[in-house]
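Data block for work_24.json (JSON, C-alpha atoms):
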[["chain", "number", "residue", "atom", "x", "y", "z"],
["A", 16, "MET", "CA", -22.96, -2.55, 4.15],
["A", 17, "SER", "CA", -24.47, -0.37, 1.47],
["A", 18, "ILE", "CA", -23.49, 2.96, 0.07],
["A", 19, "ASN", "CA", -25.88, 5.54, 1.49],
["A", 20, "ILE", "CA", -24.59, 8.68, -0.22],
["A", 21, "PRO", "CA", -27.05, 10.04, -2.79],
["A", 22, "ARG", "CA", -25.77, 11.02, -6.21],
["A", 23, "PRO", "CA", -25.17, 14.78, -6.43],
["A", 24, "ARG", "CA", -27.93, 16.90, -7.96],
["A", 25, "SER", "CA", -28.13, 20.43, -9.40],
["A", 26, "VAL", "CA", -26.04, 22.91, -7.34],
["A", 27, "LEU", "CA", -23.84, 20.26, -5.72],
["A", 28, "ARG", "CA", -23.26, 18.57, -9.08],
["A", 29, "PHE", "CA", -22.30, 21.96, -10.58],
["A", 30, "ALA", "CA", -19.87, 22.63, -7.71],
["A", 31, "LEU", "CA", -18.30, 19.19, -8.00],
["A", 32, "ARG", "CA", -17.73, 19.72, -11.71],
["A", 33, "LEU", "CA", -15.97, 23.09, -11.27],
["A", 34, "PRO", "CA", -12.51, 21.46, -11.22],
["A", 35, "ILE", "CA", -13.12, 20.41, -14.85],
["A", 36, "ARG", "CA", -13.13, 24.12, -15.71],
["A", 37, "LEU", "CA", -9.75, 24.50, -14.00],
["A", 38, "TYR", "CA", -8.31, 21.75, -16.19],
["A", 39, "HIS", "CA", -9.83, 23.29, -19.32],
["A", 40, "ALA", "CA", -8.23, 26.64, -18.37],
["A", 41, "ARG", "CA", -4.86, 24.85, -17.96],
["A", 42, "LEU", "CA", -4.97, 25.48, -14.22],
["A", 43, "GLY", "CA", -5.24, 21.85, -13.13],
["A", 44, "PHE", "CA", -1.83, 22.18, -11.47],
["A", 45, "LEU", "CA", -3.59, 24.18, -8.72],
["A", 46, "LEU", "CA", -5.19, 20.90, -7.63],
["A", 47, "ASP", "CA", -1.71, 19.34, -7.43],
["A", 48, "HIS", "CA", -1.90, 15.53, -7.28],
["A", 49, "ARG", "CA", -5.02, 15.34, -5.07],
["A", 50, "PHE", "CA", -7.39, 15.37, -8.05],
["A", 51, "MET", "CA", -7.20, 14.11, -11.61],
["A", 52, "LEU", "CA", -9.28, 14.64, -14.72],
["A", 53, "LEU", "CA", -10.25, 11.38, -16.37],
["A", 54, "THR", "CA", -11.38, 11.45, -20.00],
["A", 55, "HIS", "CA", -13.28, 8.35, -21.08],
["A", 56, "ARG", "CA", -15.90, 7.28, -23.59],
["A", 57, "GLY", "CA", -19.49, 6.56, -22.63],
["A", 58, "ARG", "CA", -20.22, 2.85, -22.84],
["A", 59, "LYS", "CA", -23.67, 3.45, -24.37],
["A", 60, "SER", "CA", -23.47, 6.87, -26.01],
["A", 61, "ARG", "CA", -19.83, 6.56, -27.16],
["A", 62, "LEU", "CA", -19.53, 10.29, -26.38],
["A", 63, "LEU", "CA", -16.45, 11.68, -24.64],
["A", 64, "ARG", "CA", -16.95, 12.12, -20.90],
["A", 65, "GLU", "CA", -14.85, 13.86, -18.27],
["A", 66, "THR", "CA", -14.80, 13.12, -14.56],
["A", 67, "VAL", "CA", -12.71, 14.68, -11.81],
["A", 68, "LEU", "CA", -11.65, 12.07, -9.26],
["A", 69, "GLU", "CA", -10.01, 12.52, -5.88],
["A", 70, "VAL", "CA", -6.65, 10.78, -5.76],
["A", 71, "VAL", "CA", -6.23, 9.00, -2.43],
["A", 72, "VAL", "CA", -2.57, 8.11, -3.06],
["A", 73, "TYR", "CA", -0.18, 9.34, -5.73],
["A", 74, "ASP", "CA", 3.12, 7.52, -6.30],
["A", 75, "ARG", "CA", 5.51, 10.06, -7.82],
["A", 76, "SER", "CA", 8.11, 7.44, -8.78],
["A", 77, "THR", "CA", 5.70, 5.50, -11.03],
["A", 78, "ARG", "CA", 3.26, 8.38, -11.71],
["A", 79, "THR", "CA", 0.47, 6.10, -10.49],
["A", 80, "SER", "CA", -2.76, 7.59, -9.16],
["A", 81, "TYR", "CA", -5.02, 5.52, -6.92],
["A", 82, "VAL", "CA", -8.69, 6.54, -6.80],
["A", 83, "VAL", "CA", -11.76, 5.21, -5.05],
["A", 84, "SER", "CA", -15.12, 4.93, -6.78],
["A", 85, "GLY", "CA", -17.54, 6.39, -4.23],
["A", 86, "TRP", "CA", -20.48, 4.61, -5.86],
["A", 87, "GLY", "CA", -18.59, 1.36, -6.25],
["A", 88, "ASN", "CA", -19.00, -0.50, -9.51],
["A", 89, "LYS", "CA", -22.14, 1.51, -10.31],
["A", 90, "ALA", "CA", -20.37, 4.82, -11.02],
["A", 91, "ASP", "CA", -20.65, 5.78, -14.68],
["A", 92, "TRP", "CA", -16.92, 6.42, -15.11],
["A", 93, "TYR", "CA", -16.16, 3.02, -13.55],
["A", 94, "LEU", "CA", -18.61, 1.22, -15.85],
["A", 95, "ASN", "CA", -17.20, 3.13, -18.82],
["A", 96, "ILE", "CA", -13.59, 2.10, -18.19],
["A", 97, "GLU", "CA", -14.75, -1.47, -17.63],
["A", 98, "ALA", "CA", -16.20, -1.36, -21.15],
["A", 99, "GLN", "CA", -13.14, 0.27, -22.73],
["A", 100, "PRO", "CA", -9.92, 1.88, -21.49],
["A", 101, "ALA", "CA", -9.78, 5.50, -20.40],
["A", 102, "LEU", "CA", -8.45, 7.90, -23.01],
["A", 103, "ARG", "CA", -6.60, 10.51, -20.99],
["A", 104, "VAL", "CA", -5.54, 11.43, -17.47],
["A", 105, "GLN", "CA", -4.57, 14.95, -16.44],
["A", 106, "ILE", "CA", -3.01, 15.38, -13.01],
["A", 107, "GLY", "CA", -0.93, 18.27, -11.77],
["A", 108, "ARG", "CA", 0.95, 19.49, -14.85],
["A", 109, "GLN", "CA", 0.96, 16.04, -16.48],
["A", 110, "SER", "CA", -1.27, 14.59, -19.17],
["A", 111, "TYR", "CA", -0.98, 11.06, -20.52],
["A", 112, "SER", "CA", -2.72, 8.08, -22.09],
["A", 113, "PRO", "CA", -3.38, 5.80, -19.13],
["A", 114, "GLU", "CA", -3.53, 2.16, -18.35],
["A", 115, "HIS", "CA", -5.74, 1.22, -15.45],
["A", 116, "HIS", "CA", -5.98, -1.64, -12.99],
["A", 117, "PHE", "CA", -8.92, -2.63, -10.79],
["A", 118, "LEU", "CA", -7.33, -3.38, -7.42],
["A", 119, "THR", "CA", -8.07, -6.54, -5.46],
["A", 120, "ILE", "CA", -9.24, -6.02, -1.89],
["A", 121, "GLU", "CA", -5.75, -6.93, -0.64],
["A", 122, "GLU", "CA", -4.11, -4.37, -2.95],
["A", 123, "ALA", "CA", -6.68, -1.74, -1.94],
["A", 124, "ILE", "CA", -6.04, -2.34, 1.77],
["A", 125, "SER", "CA", -2.31, -1.87, 1.19],
["A", 126, "VAL", "CA", -2.83, 1.40, -0.70],
["A", 127, "TRP", "CA", -5.44, 2.58, 1.82],
["A", 128, "SER", "CA", -2.96, 2.16, 4.67],
["A", 129, "ALA", "CA", -0.72, 4.78, 3.00],
["A", 130, "PHE", "CA", -3.73, 7.09, 2.71],
["A", 131, "ARG", "CA", -4.69, 6.45, 6.33],
["A", 132, "ARG", "CA", -1.20, 7.40, 7.58],
["A", 133, "LYS", "CA", -1.21, 10.66, 5.61],
["A", 134, "HIS", "CA", -4.89, 11.63, 6.04],
["A", 135, "PRO", "CA", -6.31, 10.08, 9.26],
["A", 136, "ILE", "CA", -9.16, 12.58, 9.58],
["A", 137, "GLU", "CA", -10.27, 12.09, 5.98],
["A", 138, "GLU", "CA", -10.27, 8.34, 6.54],
["A", 139, "ARG", "CA", -12.59, 8.70, 9.54],
["A", 140, "ILE", "CA", -14.93, 10.92, 7.51],
["A", 141, "ALA", "CA", -15.00, 8.47, 4.59],
["A", 142, "LEU", "CA", -15.69, 5.49, 6.83],
["A", 143, "ARG", "CA", -18.41, 7.39, 8.68],
["A", 144, "LEU", "CA", -20.12, 8.40, 5.41],
["A", 145, "PHE", "CA", -20.26, 4.77, 4.35],
["A", 146, "SER", "CA", -21.40, 3.35, 7.70],
["A", 147, "LYS", "CA", -24.90, 2.05, 8.27],
["A", 148, "PRO", "CA", -27.21, 4.65, 9.79],
["A", 149, "GLY", "CA", -27.98, 4.13, 13.48],
["A", 150, "LYS", "CA", -25.02, 1.82, 14.13],
["A", 151, "LYS", "CA", -22.29, 2.63, 16.65],
["A", 152, "TYR", "CA", -19.32, 3.98, 14.72],
["A", 153, "THR", "CA", -15.81, 2.63, 15.30],
["A", 154, "VAL", "CA", -12.85, 2.35, 12.96],
["A", 155, "THR", "CA", -11.74, -1.26, 12.68],
["A", 156, "HIS", "CA", -9.77, -3.30, 10.18],
["A", 157, "GLN", "CA", -13.03, -5.06, 9.24],
["A", 158, "ARG", "CA", -14.79, -1.73, 8.60],
["A", 159, "ARG", "CA", -11.92, -0.69, 6.31],
["A", 160, "SER", "CA", -12.10, -4.00, 4.45],
["A", 161, "ASP", "CA", -15.88, -3.73, 4.07],
["A", 162, "PHE", "CA", -15.57, -0.13, 2.89],
["A", 163, "LEU", "CA", -12.89, -0.93, 0.30],
["A", 164, "GLY", "CA", -14.85, -3.94, -0.93],
["A", 165, "GLU", "CA", -17.89, -1.74, -1.43],
["A", 166, "VAL", "CA", -16.37, 1.32, -3.09],
["A", 167, "HIS", "CA", -13.68, -0.26, -5.33],
["A", 168, "MET", "CA", -10.24, 1.18, -6.00],
["A", 169, "VAL", "CA", -8.61, 1.75, -9.38],
["A", 170, "SER", "CA", -5.05, 2.75, -10.29],
["A", 171, "PHE", "CA", -4.04, 4.78, -13.34],
["A", 172, "HIS", "CA", -0.51, 5.12, -14.71],
["A", 173, "PRO", "CA", 1.00, 6.21, -18.03],
["A", 174, "ALA", "CA", 0.65, 3.59, -20.74],
["A", 175, "LEU", "CA", 3.92, 1.95, -21.69],
["A", 176, "GLU", "CA", 3.13, 2.31, -25.37],
["A", 177, "PRO", "CA", 0.92, 5.00, -26.89],
["A", 178, "ARG", "CA", -2.44, 3.81, -28.19]]

Would you write the structure of this file as structure tokens?
Amino acid sequence: MSINIPRPRSVLRFALRLPIRLYHARLGFLLDHRFMLLTHRGRKSRLLRETVLEVVVYDRSTRTSYVVSGWGNKADWYLNIEAQPALRVQIGRQSYSPEHHFLTIEEAISVWSAFRRKHPIEERIALRLFSKPGKKYTVTHQRRSDFLGEVHMVSFHPALEPR
């Protein structure tokens, strides 16, 4: 299975980056806990970067956000936090220095099942987007496993000690 979604260009890229403006205007709470703003440092440029990520599951008790990297381990934000830890997470009305964890496939499947129960239509859309063109589409446990192995899931939670 390969990811067949092109990277956003021009107008779409602009639209996808609009939530960053909400966070800058202190209106990120309008996005509730479905989106988060991740501030990280470029692995090559060392410049500060900001990326809005969709949160597939948010655990209120631990303040942990689980996100999926749509371009797998090739997404710039993903590569950047592999090189060095993220600097800041803003979600809802919260802002904190995060720790992150790259989930194993087993952990991702467990988290994804919570997403699937809450958002069954979104799951079908996601799996369809990542299916091979021309193949008959059915949702199976194997398709979910393949999908989660391809896209990669990361969790973010407040750091225990400030950096």

Within 12 Å of segment 82-102 of chain A: each segment 26-51 of chain A residue with its shortest pair, all atoms listed in the file, as a Markdown table:
| residue | atom | partner | partner_atom | distance |
| --- | --- | --- | --- | --- |
| A:His48 | CA | A:Val82 | CA | 11.3 |
| A:Arg49 | CA | A:Val82 | CA | 9.7 |
| A:Phe50 | CA | A:Val82 | CA | 9.0 |
| A:Met51 | CA | A:Val82 | CA | 9.1 |

Residues from the last selection, C-alpha atoms, saved as an mmCIF file, in the frame of the given file:
data_model
loop_
_atom_site.group_PDB
_atom_site.id
_atom_site.type_symbol
_atom_site.label_atom_id
_atom_site.label_comp_id
_atom_site.auth_asym_id
_atom_site.auth_seq_id
_atom_site.Cartn_x
_atom_site.Cartn_y
_atom_site.Cartn_z
ATOM 1 C CA HIS A 48 -1.900 15.530 -7.280
ATOM 2 C CA ARG A 49 -5.020 15.340 -5.070
ATOM 3 C CA PHE A 50 -7.390 15.370 -8.050
ATOM 4 C CA MET A 51 -7.200 14.110 -11.610
#

How many Å separate atom CA of Phe117 of chain A from atom CA of Arg41 of chain A?
-> 28.7 Å

Could you state the separation of atom CA of Pro173 of chain A and atom CA of Thr66 of chain A in Å, given to one decimal place?
->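 These atoms are spaced 17.6 Å apart.
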
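Between atom CA of Thr54 of chain A and atom CA of Leu31 of chain A there is a distance of 15.9 Å.
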
Distance query Thr77 of chain A at most 12 Å, all atoms listed in the file, self and fewer than 5 positions along chain excluded, as an NGL selection string = :A and (72 or 170-175)

When distances are computed from all atoms listed in the file, which of A:Leu63, A:Leu33, A:Leu163, A:Ile140 shows the smallest separation from Ile120 of chain A?
->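 The answer is A:Leu163, which sits nearest to Ile120 of chain A.
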
For Arg159 of chain A, which of A:Gly43, A:Val26, A:Ile136, A:Ile124 is the closest residue, counting only C-alpha atoms?
->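 Of A:Gly43, A:Val26, A:Ile136, A:Ile124, the one nearest Arg159 of chain A, counting only C-alpha atoms, is A:Ile124.
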
Nearest residue to Ala123 of chain A from the set A:Leu27, A:Leu68, A:Val169, A:Leu37 (distances using only C-alpha atoms) =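 Looking at the shortest contact to Ala123 of chain A, the residue is A:Val169.
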